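So this block is start_27.csv, CSV, C-alpha atoms:
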```csv
chain,number,residue,atom,x,y,z
A,1146,MET,CA,73.9,99.2,35.9
A,1147,GLN,CA,77.6,98.9,36.5
A,1148,PRO,CA,79.1,95.5,37.1
A,1149,LEU,CA,80.1,95.0,40.7
A,1150,ASP,CA,83.8,94.7,40.0
A,1151,ALA,CA,83.8,98.2,38.4
A,1152,MET,CA,82.6,99.8,41.6
A,1153,ASN,CA,84.1,100.7,44.9
A,1154,PHE,CA,82.1,99.0,47.6
A,1155,ILE,CA,82.3,97.8,51.2
A,1156,GLU,CA,81.0,94.5,52.4
A,1157,ASP,CA,79.1,93.5,55.5
A,1158,ASP,CA,78.1,90.1,56.6
A,1159,CYS,CA,74.5,89.2,55.8
A,1160,VAL,CA,72.1,86.3,55.9
A,1161,TYR,CA,68.9,86.3,53.9
A,1162,GLU,CA,66.5,83.8,55.6
A,1163,LEU,CA,63.6,82.0,54.0
A,1164,ASP,CA,61.3,79.9,56.2
A,1165,MET,CA,59.0,77.5,54.4
A,1166,VAL,CA,56.3,75.1,55.5
A,1167,THR,CA,55.9,72.7,52.7
A,1168,ALA,CA,52.3,71.4,52.4
A,1169,GLY,CA,52.0,70.0,48.9
A,1170,ILE,CA,53.8,68.8,45.8
A,1171,LEU,CA,55.2,72.2,45.2
A,1172,THR,CA,55.8,75.1,47.5
A,1173,THR,CA,57.4,78.4,46.6
A,1174,GLY,CA,58.9,81.3,48.5
A,1175,PHE,CA,60.6,84.5,47.6
A,1176,ILE,CA,63.5,86.5,48.8
A,1177,GLN,CA,63.6,90.2,48.0
A,1178,ILE,CA,67.1,91.7,48.0
A,1179,GLN,CA,67.1,95.0,49.9
A,1180,GLY,CA,67.5,98.2,48.0
A,1181,ASP,CA,70.6,99.5,49.8
A,1182,SER,CA,73.1,97.0,48.5
A,1183,TRP,CA,74.0,94.1,46.2
A,1184,PHE,CA,73.9,90.6,47.8
A,1185,ARG,CA,76.9,88.4,47.2
A,1186,TRP,CA,75.7,84.9,48.0
A,1187,THR,CA,78.6,82.6,49.0
A,1188,LYS,CA,77.2,79.8,51.3
A,1189,SER,CA,73.9,78.0,51.9
A,1190,LEU,CA,72.4,76.2,54.8
A,1191,VAL,CA,69.1,74.5,55.6
A,1192,TYR,CA,67.6,73.4,58.9
A,1193,LYS,CA,64.7,71.1,59.0
A,1194,ASN,CA,62.5,71.3,62.1
A,1195,PRO,CA,61.9,67.8,63.2
A,1196,GLY,CA,58.6,68.7,64.9
A,1197,GLY,CA,57.4,67.2,68.1
A,1198,GLU,CA,59.0,67.9,71.4
A,1199,ASP,CA,61.9,65.4,71.3
A,1200,VAL,CA,65.3,66.8,72.2
A,1201,LEU,CA,67.5,66.5,69.2
A,1202,THR,CA,71.0,65.1,69.5
A,1203,THR,CA,73.9,65.4,67.1
A,1204,GLY,CA,73.4,63.0,64.4
A,1205,ALA,CA,69.7,62.7,64.8
A,1206,GLN,CA,68.8,65.8,62.9
A,1207,PRO,CA,66.6,65.0,59.9
A,1208,ILE,CA,67.7,65.6,56.3
A,1209,PRO,CA,65.2,67.3,54.0
A,1210,ALA,CA,63.7,65.0,51.5
A,1211,GLY,CA,62.7,67.6,48.9
A,1212,LEU,CA,64.1,68.9,45.7
A,1213,VAL,CA,64.9,72.6,45.2
A,1214,GLN,CA,65.0,75.0,42.2
A,1215,ILE,CA,66.1,78.6,42.4
A,1216,ARG,CA,65.0,81.2,39.8
A,1217,ASP,CA,66.6,84.6,39.5
A,1218,LEU,CA,63.6,86.7,38.8
A,1219,GLY,CA,65.7,89.5,37.4
A,1220,SER,CA,67.1,87.4,34.6
A,1221,GLN,CA,64.4,84.7,34.7
A,1222,ARG,CA,67.1,82.1,34.8
A,1223,ASP,CA,66.8,78.8,36.6
A,1224,LEU,CA,70.1,78.2,38.4
A,1225,PHE,CA,69.7,74.4,38.0
A,1226,ARG,CA,68.9,72.4,34.8
A,1227,VAL,CA,66.2,70.5,36.9
A,1228,ALA,CA,65.4,70.5,40.6
A,1229,VAL,CA,68.1,69.1,42.7
A,1230,PRO,CA,68.1,67.5,46.2
A,1231,ILE,CA,68.1,70.1,48.9
A,1232,ALA,CA,70.8,68.3,50.7
A,1233,SER,CA,73.1,68.5,47.7
A,1234,VAL,CA,73.3,72.2,47.5
A,1235,PHE,CA,72.5,73.3,51.0
A,1236,GLY,CA,74.7,72.5,54.0
A,1237,GLY,CA,73.3,71.7,57.4
A,1238,PRO,CA,73.9,69.3,60.3
A,1239,ALA,CA,76.8,67.0,59.6
A,1240,LYS,CA,78.0,63.7,61.0
A,1241,ASN,CA,80.2,64.1,64.1
A,1242,LYS,CA,79.8,67.9,64.1
A,1243,SER,CA,78.2,69.9,66.8
A,1244,THR,CA,77.6,72.8,64.4
A,1245,ALA,CA,76.1,73.0,61.0
A,1246,VAL,CA,78.5,72.9,58.0
A,1247,PRO,CA,77.6,75.2,55.1
A,1248,PHE,CA,77.6,74.4,51.4
A,1249,ILE,CA,80.1,76.7,49.7
A,1250,LEU,CA,79.1,77.8,46.2
A,1251,PRO,CA,81.6,77.2,43.4
A,1252,LEU,CA,81.7,80.9,42.9
A,1253,PRO,CA,79.8,83.8,44.6
A,1254,ARG,CA,76.4,84.5,43.0
A,1255,LEU,CA,75.5,88.2,42.8
A,1256,PHE,CA,72.0,89.6,43.1
A,1257,LYS,CA,71.3,93.2,42.3
A,1258,PRO,CA,69.6,95.6,44.8
A,1259,LYS,CA,65.8,95.3,44.7
A,1260,SER,CA,66.0,92.1,42.7
A,1261,SER,CA,64.4,88.9,43.9
A,1262,PHE,CA,64.6,85.2,43.5
A,1263,GLN,CA,62.2,82.4,43.9
A,1264,VAL,CA,62.9,79.2,45.8
A,1265,SER,CA,60.7,76.2,44.8
A,1266,VAL,CA,60.6,73.0,46.8
A,1267,SER,CA,59.1,69.9,45.3
A,1268,TYR,CA,58.9,66.3,46.3
A,1269,PRO,CA,59.5,63.1,44.4
A,1270,ALA,CA,56.7,60.6,44.4
A,1271,GLY,CA,56.5,58.8,47.7
A,1272,ALA,CA,58.5,61.3,49.7
A,1273,ALA,CA,57.2,63.4,52.6
A,1274,VAL,CA,55.5,66.7,51.5
A,1275,ALA,CA,55.2,68.3,54.9
A,1276,GLU,CA,58.4,69.7,56.2
A,1277,THR,CA,59.3,72.9,58.0
A,1278,LEU,CA,62.4,74.2,56.4
A,1279,PHE,CA,64.6,77.2,57.3
A,1280,PHE,CA,66.9,78.2,54.5
A,1281,GLN,CA,69.8,80.5,55.1
A,1282,PHE,CA,71.5,82.3,52.1
A,1283,VAL,CA,74.7,83.5,53.6
A,1284,GLY,CA,77.0,86.1,52.1
A,1285,THR,CA,77.7,89.7,52.2
A,1286,LYS,CA,76.0,93.0,51.4
A,1287,CYS,CA,78.0,95.1,49.0
A,1288,PHE,CA,77.4,98.7,49.5
A,1289,ASN,CA,78.3,100.9,46.5
A,1290,LEU,CA,80.6,103.8,47.5
A,1291,ALA,CA,80.3,105.6,44.2
A,1292,GLY,CA,80.3,109.3,44.8
A,1293,ALA,CA,81.1,109.0,48.5
A,1294,ARG,CA,84.1,110.8,49.6
B,23,MET,CA,123.9,80.8,36.3
B,24,ALA,CA,121.4,78.4,34.8
B,25,GLN,CA,117.9,79.0,35.8
B,26,ALA,CA,115.7,76.3,37.0
B,27,PRO,CA,113.2,75.2,34.3
B,28,SER,CA,109.8,76.8,34.6
B,29,ARG,CA,107.2,74.5,36.1
B,30,VAL,CA,104.4,76.6,34.8
B,31,GLN,CA,102.3,74.6,32.3
B,32,THR,CA,98.7,74.0,31.5
B,33,LEU,CA,97.4,70.5,31.6
B,34,ASN,CA,93.8,71.5,32.0
B,35,PRO,CA,92.2,71.9,28.6
B,36,GLU,CA,90.1,74.9,29.6
B,37,PRO,CA,88.4,76.6,26.7
B,38,ALA,CA,89.3,79.9,28.2
B,39,ALA,CA,93.0,79.1,28.0
B,40,GLN,CA,92.8,77.2,24.7
B,41,TYR,CA,90.9,79.7,22.7
B,42,GLN,CA,91.9,83.0,24.4
B,43,ARG,CA,88.3,83.9,25.0
B,44,GLN,CA,86.7,85.7,27.8
B,45,PHE,CA,83.9,84.2,29.9
B,46,THR,CA,81.5,85.1,32.5
B,47,GLU,CA,80.4,82.5,35.0
B,48,ASP,CA,77.2,81.6,36.8
B,49,PHE,CA,76.5,79.0,39.4
B,50,THR,CA,74.6,75.9,38.1
B,51,VAL,CA,73.9,72.3,38.7
B,52,TYR,CA,73.4,69.5,36.2
B,53,GLU,CA,71.3,66.7,37.8
B,54,LEU,CA,71.0,63.1,36.8
B,55,ASP,CA,68.7,60.8,38.7
B,56,PHE,CA,68.5,57.0,38.7
B,57,LEU,CA,65.3,55.9,40.4
B,58,GLY,CA,64.5,52.4,41.4
B,59,LEU,CA,68.0,51.1,40.8
B,60,ALA,CA,67.6,47.4,41.8
B,61,ALA,CA,70.3,45.3,43.3
B,62,GLY,CA,72.6,43.8,40.8
B,63,THR,CA,71.4,45.9,37.9
B,64,SER,CA,73.0,48.7,35.9
B,65,ALA,CA,71.6,51.8,34.2
B,66,ASN,CA,72.7,54.3,31.7
B,67,GLY,CA,71.9,58.0,31.6
B,68,SER,CA,73.3,61.1,30.1
B,69,VAL,CA,73.6,64.8,30.9
B,70,GLN,CA,73.1,67.1,27.9
B,71,ILE,CA,75.1,70.3,28.3
B,72,GLN,CA,73.0,73.3,27.3
B,73,ALA,CA,73.9,75.1,24.1
B,74,ASP,CA,74.1,78.6,25.7
B,75,SER,CA,77.3,77.8,27.6
B,76,ALA,CA,80.1,75.4,28.5
B,77,PHE,CA,79.9,73.7,31.9
B,78,LYS,CA,82.8,73.9,34.4
B,79,TRP,CA,82.3,71.0,36.8
B,80,THR,CA,83.9,71.6,40.2
B,81,LYS,CA,82.0,69.7,42.9
B,82,ALA,CA,79.9,66.5,43.1
B,83,CYS,CA,77.1,65.4,45.5
B,84,TYR,CA,74.9,62.4,45.8
B,85,TYR,CA,71.6,61.9,47.5
B,86,ALA,CA,70.5,58.3,47.9
B,87,ASP,CA,67.4,56.9,49.6
B,88,ILE,CA,65.7,53.6,49.8
B,89,ASP,CA,61.9,53.6,49.0
B,90,ALA,CA,61.9,57.3,49.6
B,91,ALA,CA,62.3,56.7,53.4
B,92,ALA,CA,63.2,59.6,55.5
B,93,PHE,CA,66.6,59.5,57.2
B,94,GLN,CA,68.8,61.4,59.6
B,95,VAL,CA,72.4,62.5,59.6
B,96,ASP,CA,73.5,59.3,61.2
B,97,THR,CA,71.3,57.0,59.1
B,98,GLN,CA,71.9,58.4,55.7
B,99,PRO,CA,72.1,55.6,53.1
B,100,VAL,CA,75.5,55.2,51.5
B,101,PRO,CA,74.8,53.5,48.2
B,102,ASN,CA,76.7,50.4,47.0
B,103,VAL,CA,76.8,51.8,43.5
B,104,SER,CA,79.7,52.3,41.1
B,105,ILE,CA,79.9,54.8,38.3
B,106,THR,CA,81.6,55.4,35.0
B,107,ILE,CA,81.6,58.7,33.2
B,108,GLN,CA,82.4,59.3,29.6
B,109,ASP,CA,82.8,62.7,27.9
B,110,SER,CA,81.0,62.4,24.6
B,111,GLY,CA,82.9,65.3,23.2
B,112,SER,CA,86.3,63.8,23.6
B,113,GLY,CA,85.1,60.2,23.9
B,114,ARG,CA,87.3,59.9,27.0
B,115,SER,CA,86.3,57.9,30.0
B,116,LEU,CA,87.2,59.8,33.2
B,117,PHE,CA,88.1,56.6,35.1
B,118,ASN,CA,90.0,53.5,34.1
B,119,LEU,CA,87.4,51.3,36.0
B,120,ALA,CA,84.1,51.9,37.6
B,121,VAL,CA,84.4,53.9,40.9
B,122,PRO,CA,82.2,53.7,43.9
B,123,VAL,CA,79.8,56.7,44.0
B,124,PRO,CA,80.6,57.6,47.6
B,125,SER,CA,84.3,57.9,46.7
B,126,ILE,CA,83.8,60.7,44.2
B,127,PHE,CA,80.5,62.2,45.2
B,128,GLY,CA,80.0,63.9,48.6
B,129,PHE,CA,77.1,65.4,50.4
B,130,GLY,CA,76.0,69.0,50.6
B,131,THR,CA,77.8,69.5,53.8
B,132,LEU,CA,81.0,68.1,52.4
B,133,PRO,CA,80.9,67.9,48.6
B,134,PHE,CA,83.6,66.1,46.7
B,135,ILE,CA,85.9,68.7,45.1
B,136,LEU,CA,87.4,67.7,41.8
B,137,PRO,CA,91.2,67.8,41.6
B,138,ILE,CA,90.8,70.3,38.8
B,139,PRO,CA,87.7,71.7,37.2
B,140,ARG,CA,86.4,69.6,34.3
B,141,ILE,CA,85.1,71.5,31.3
B,142,PHE,CA,82.3,70.1,29.1
B,143,LEU,CA,81.7,72.1,25.9
B,144,ALA,CA,78.3,73.5,25.1
B,145,ARG,CA,76.1,70.9,23.3
B,146,SER,CA,78.3,68.0,24.4
B,147,SER,CA,77.0,65.4,26.8
B,148,MET,CA,78.4,63.1,29.5
B,149,ALA,CA,77.4,59.5,29.4
B,150,VAL,CA,77.0,58.0,32.8
B,151,THR,CA,76.6,54.3,33.7
B,152,VAL,CA,75.8,53.2,37.3
B,153,GLN,CA,76.0,49.6,38.6
B,154,ASN,CA,74.2,48.7,41.9
B,155,PHE,CA,76.5,46.0,43.4
B,156,ASP,CA,74.5,45.7,46.6
B,157,ALA,CA,73.0,42.3,47.4
B,158,ALA,CA,69.6,43.5,48.3
B,159,ALA,CA,68.9,47.3,48.4
B,160,THR,CA,67.1,49.2,45.6
B,161,TYR,CA,68.2,52.8,45.6
B,162,ASN,CA,66.9,56.1,44.4
B,163,LEU,CA,70.1,57.8,43.5
B,164,ARG,CA,70.4,61.5,42.6
B,165,LEU,CA,73.7,62.8,41.3
B,166,SER,CA,74.4,66.5,41.3
B,167,PHE,CA,77.2,67.8,39.0
B,168,ILE,CA,77.8,71.2,40.6
B,169,GLY,CA,79.8,74.0,38.9
B,170,THR,CA,79.4,77.0,36.8
B,171,LYS,CA,78.1,77.9,33.3
B,172,LEU,CA,80.7,79.6,31.2
B,173,PHE,CA,79.1,82.2,29.0
B,174,GLN,CA,81.3,83.4,26.2
B,175,MET,CA,81.5,87.1,26.0
```
Would you kindly transcribe this structure into structure tokens?
Amino acid sequence: MQPLDAMNFIEDDCVYELDMVTAGILTTGFIQIQGDSWFRWTKSLVYKNPGGEDVLTTGAQPIPAGLVQIRDLGSQRDLFRVAVPIASVFGGPAKNKSTAVPFILPLPRLFKPKSSFQVSVSYPAGAAVAETLFFQFVGTKCFNLAGAR
Amino acid sequence: MAQAPSRVQTLNPEPAAQYQRQFTEDFTVYELDFLGLAAGTSANGSVQIQADSAFKWTKACYYADIDAAAFQVDTQPVPNVSITIQDSGSGRSLFNLAVPVPSIFGFGTLPFILPIPRIFLARSSMAVTVQNFDAAATYNLRLSFIGTKLFQM
């Protein structure tokens, strides 16, 4: 397959969402990249559902306690040497901000059409293992224009 | 008319510039955890850079908790811990003295961005020493060295 920079393409905003209810030491989820385009991942966010019926206020949003590992199932490559804290590589609610602040990747990460990646959430000893997490992988769809005229 | 001297120079010893090689990059994080770091104690650790690629370090984040207790945006622990980092490849310490972790490590929402990317060669390691200077708290401290792998083409 051609490298992306060798193609003519157009981009469109896109978010791949992964919702996960962690219920044990290790929980995994998968994201399947759609077949119509590459996915250029540039920012990440996570939102933790606090549960209950309390009305959340700015500053009172909970921070996920888990560790995350991401594996590109196309190349079978783990992106991180070992699992890292979710809060270190995913943005989210921030101090004195009314909106979430994303984590910006050092450089965009490309995923091929029809590829997939696995997201694993684990917990260090003593930490909570039941969290409802909403991950957002923010970026763009890159539609190949090859042959289109 | 005399021209102004060029200000273009390279101070950053990037392998790409030094060796005229081409690289492809991929997002990665090297993680180093210090668990149960008691008040008044210090600990050593090291990050071994993998052999398949050099590491271009660009951002730094920390995650600290006390006894694995949950916390919120406004109650996030800020560790009273200082850190020194030494590049085993060059033998160079990155700081002249130990620096407080919250000064050079951010959080996922606002990571600390290095002034210039720092390159660690494949198979090298960074030696890290942390010192808990808090009077009472014992921290679980997780440091994330965020950047890219540089695969030589």
### Message
Counting only C-alpha atoms, a student should be able to say which residues of chain A come within 8 Å of chain B; what is the right answer, written as a PyMOL selection string?
### Response
chain A and resi 1204-1208+1210+1224-1230+1232-1240+1246-1248+1250-1254+1271-1273
### Query
Do you have the atom CA of B:Thr151-atom CA of B:Leu163 distance handy?
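We find that atom CA of B:Thr151 and atom CA of B:Leu163 lie 12.3 Å from each other.
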### Query
Smallest atom-to-atom distance to B:Ser125: which of B:Leu143, B:Gly113, B:Pro101, B:Gln108, using only C-alpha atoms?
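Counting only C-alpha atoms, the residue closest to B:Ser125 is B:Pro101.
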### Query
For A:Lys1286, which of A:Ser1182, A:Asn1194, A:Ser1243, A:Ser1265 is the closest residue, counting only C-alpha atoms?
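Checking each of A:Ser1182, A:Asn1194, A:Ser1243, A:Ser1265 against A:Lys1286, counting only C-alpha atoms, the winner is A:Ser1182.
Taking atom CA of B:Gly111 and atom CA of B:Phe134 as the two end points, the separation is 23.5 Å.
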## Note on the structure
re atom CA of B:Ser104 and atom CA of A:Val1213: distance 25.5 Å
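Proximity of A:Gly1284, A:Gly1174, A:Gly1219, A:Pro1195 to A:Asp1157, computed with only C-alpha atoms, is greatest for A:Gly1284.
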### Message
Given the point (84.4, 84.5, 24.5) in the coordinates of this file, which residues lie within 6 Å, counting only C-alpha atoms, and how would they look as a list of chain:residue names?
### Response
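Neighbouring residues, ordered by chain and number, come to B:Arg43, B:Gln44, B:Phe45, B:Gln174, B:Met175.
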### Task
Can you work out which one of A:Leu1212, A:Met1165, A:Leu1190, A:Val1266 has the shortest atom-to-atom distance to A:Thr1244, counting only C-alpha atoms?
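Closest residue, counting only C-alpha atoms: A:Leu1190.
The residue that comes closest to A:Ala1270, out of A:Thr1202, A:Ile1170, A:Gln1214, A:Asp1164 and on the basis of all atoms listed in the file, is A:Ile1170.
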### Task
Tell me, as an NGL selection string, which residues lie within 12 Å of A:Arg1185, counting only C-alpha atoms; anything in the same chain fewer than 6 positions away does not count.
:A and (1149-1150 or 1154-1161 or 1178 or 1250 or 1252-1258 or 1282-1288)
### Query
Using all atoms listed in the file, can you list as a VMD selection string the residues within 6 Å of (73.9, 54.7, 37.3)?
chain B and resid 65 to 66 151 to 153
### Query
Between B:Ala73, B:Val100, B:Ala157, B:Leu116, which one has atoms that come closest to B:Ile88, using all atoms listed in the file?
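Using all atoms listed in the file, B:Ile88 sits closest to B:Val100.
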